[in-house]
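Everything on this sheet refers to the single structure shown next.
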Amino acid sequence: MTAAPSPHPEPRTRLHITTAGDPRTRGIARGQALRAGIHGTIETYDRLFALGGITPELVHDHADRALNTIDAFRPGARAEIEGIAAGAHVPTWHIAALNARTEILAHSTTVPPGECTTVVRRFDRAVAPAAPTFGIQTWDWHVELADHWHTFAARGGRHDVVGLTEHGILGKIGINSAGLALHFNILGHVRDGVGGIPMHVLAAIVLEEAADVTEALEIVRSAPIASSGSFALFDPSRAVLLDLSPAGVFEIEPENGVLLRTNHFLTPIPAANEKTWLYQPDSTERRDFVQARLARRGAPNTPDELVDLLVTGAGEPPVTCVADPDKPLGRRWATLATVILEPATRTATILDGTPADAASGTWRSLTA
């Protein structure tokens, strides 16, 4: 079934930022380029925090705690956050709050997190030793933030990184010049909160520092984690899916050559204390739907087949997510971007909109 194209307006030209140099220099350049957009992003998140019953004073406190944890783990990441704040002419704690927005919103009483669907195709090396590994993700989030994200290329760290992220946030989804790719989904655990490395900052650190899945796992396992998320990590020779939570880090290997993730834990220890009310039954319904489609069609052999796999329409689970304009702030979800990552070519191909917009929408190809 074919879904209708996404109704939210897309910018005529999505902002792309290229930065180079040390972390603070990169941050200043990003903050300057995004100055107007960052102010709008802060305002939107302030509205979401307030809607969730989180006071400005508590947001400030959480942001300071997150910044101190980031500084202890990777001072360079703090320097980049401070650089963004300086370039955008805003207090540093506002940028720290954006980077810890997932962890701060975990305290919300009324604003549920968004939904995303990720599929990674990993070929059996014994059967197809030269076949590439590739992945796709829908990034689903509040439609009010449709204008508040950008694509980027960051040069100057151990590895160059390309991908997308929200204004003011160090990283999210991307691939580096060593061929390590990272897809990102939010999960929910009852112990989630501030006190560890924010998931978005950890994603940025992994992509800047790790040459492959093995090194990425070492970084993740060394990090203080107090919130939940999922990284799908893959390089030309290995792919693994992670359940990240305050209960620990747990690995999921490909099944029939595929990693499939929505928004619930897939391993028993963190699942025992999952915030099931946030994502269920939607997350399981989306995963079961895609899994059944894979069983009928077989595992995709090309990235284009991955795109079609994620197109859904009326009466089907919302893998392709279209905002309901009748719902209030905090409950208007939309697929803001569709992202294909290909380690063999170190390429991120990013679509403004849903998989249903693939033929008519604007794609941007970035190489790390």
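Order determines the names: the first chain of the structure tokens is A, the second B, and so forth; residues in each chain are numbered 1 upward, and ligands are numbered 1 upward as they are shown.
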
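Running DSSP on the backbone and keeping only strand (DSSP E), the residues of range 8-99 of chain A that qualify are His16, Ile17, Thr18 and Thr19 of chain A.
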
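If you count only C-alpha atoms and ignore residues fewer than 4 places along the chain from Arg191 in chain A, what sits within 10 Å of it is Ala106, Ala226, Ser227, Ser228, Ser245, Pro246, Ala247, Pro270, Asn273, Glu274 and Lys275 of chain A.
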
Test item: residues at most 8 Å from Pro132 in chain A, only C-alpha atoms, excluding those fewer than 3 positions along its chain, as a compact mmCIF listing (two decimals) with all heavy atoms, in the first residue's frame:
# COMPACT_ATOMS: atom_id res chain seq x y z
N ARG A 122 22.66 -7.30 6.59
CA ARG A 122 24.01 -7.85 6.71
C ARG A 122 24.07 -9.18 5.97
O ARG A 122 23.36 -10.12 6.31
CB ARG A 122 24.35 -8.07 8.18
CG ARG A 122 25.67 -8.79 8.42
CD ARG A 122 26.83 -7.84 8.29
NE ARG A 122 28.07 -8.50 8.67
CZ ARG A 122 28.85 -9.16 7.84
NH1 ARG A 122 28.50 -9.28 6.56
NH2 ARG A 122 29.97 -9.73 8.25
N PHE A 123 24.89 -9.27 4.94
CA PHE A 123 24.97 -10.49 4.13
C PHE A 123 25.89 -11.52 4.79
O PHE A 123 26.84 -11.18 5.48
CB PHE A 123 25.47 -10.17 2.72
CG PHE A 123 24.48 -9.40 1.90
CD1 PHE A 123 24.43 -8.01 1.96
CD2 PHE A 123 23.57 -10.05 1.08
CE1 PHE A 123 23.52 -7.29 1.21
CE2 PHE A 123 22.66 -9.35 0.33
CZ PHE A 123 22.63 -7.97 0.40
N PRO A 236 31.87 -2.44 7.31
CA PRO A 236 31.83 -3.36 6.16
C PRO A 236 31.86 -4.84 6.52
O PRO A 236 31.48 -5.67 5.68
CB PRO A 236 33.11 -2.97 5.38
CG PRO A 236 33.30 -1.53 5.70
CD PRO A 236 32.91 -1.41 7.15
N GLU A 342 25.67 3.55 4.14
CA GLU A 342 26.37 2.51 3.40
C GLU A 342 27.86 2.54 3.75
O GLU A 342 28.61 3.38 3.23
CB GLU A 342 26.17 2.72 1.89
CG GLU A 342 24.71 2.64 1.46
CD GLU A 342 24.53 2.88 -0.01
OE1 GLU A 342 24.83 1.96 -0.80
OE2 GLU A 342 24.09 3.99 -0.38
N PRO A 343 28.32 1.65 4.63
CA PRO A 343 29.72 1.65 5.06
C PRO A 343 30.72 1.48 3.93
O PRO A 343 31.82 2.06 3.97
CB PRO A 343 29.79 0.48 6.05
CG PRO A 343 28.40 0.36 6.59
CD PRO A 343 27.52 0.70 5.42
N ALA A 344 30.41 0.67 2.92
CA ALA A 344 31.37 0.41 1.86
C ALA A 344 31.78 1.68 1.13
O ALA A 344 32.92 1.81 0.66
CB ALA A 344 30.81 -0.61 0.87

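With only C-alpha atoms as the atoms that count, the residue of A:Leu260, A:Ala153, A:Ile136, A:Ala126 with the shortest distance to Leu15 in chain A is A:Ala153.
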
Would you list, as a ChimeraX atom specification, the residues of range 233-274 of chain A that end up in helix (DSSP H, G or I) under DSSP run on this structure's backbone? /A:268-271

Output for the residues just chosen: C-alpha atoms as a compact mmCIF listing (two decimals), in the first residue's frame:
# COMPACT_ATOMS: atom_id res chain seq x y z
CA PRO A 268 15.24 -9.62 28.76
CA ILE A 269 17.13 -7.70 31.47
CA PRO A 270 16.26 -4.14 30.40
CA ALA A 271 12.85 -5.30 29.10

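Across A:Arg65, A:Arg74, A:Arg47, A:Lys172, the tightest approach to Trp93 in chain A is made by A:Arg65 when counting only C-alpha atoms.
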
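The interatomic distance for the pair CA of Leu145 in chain A and CA of Gly353 in chain A works out to 12.5 Å.
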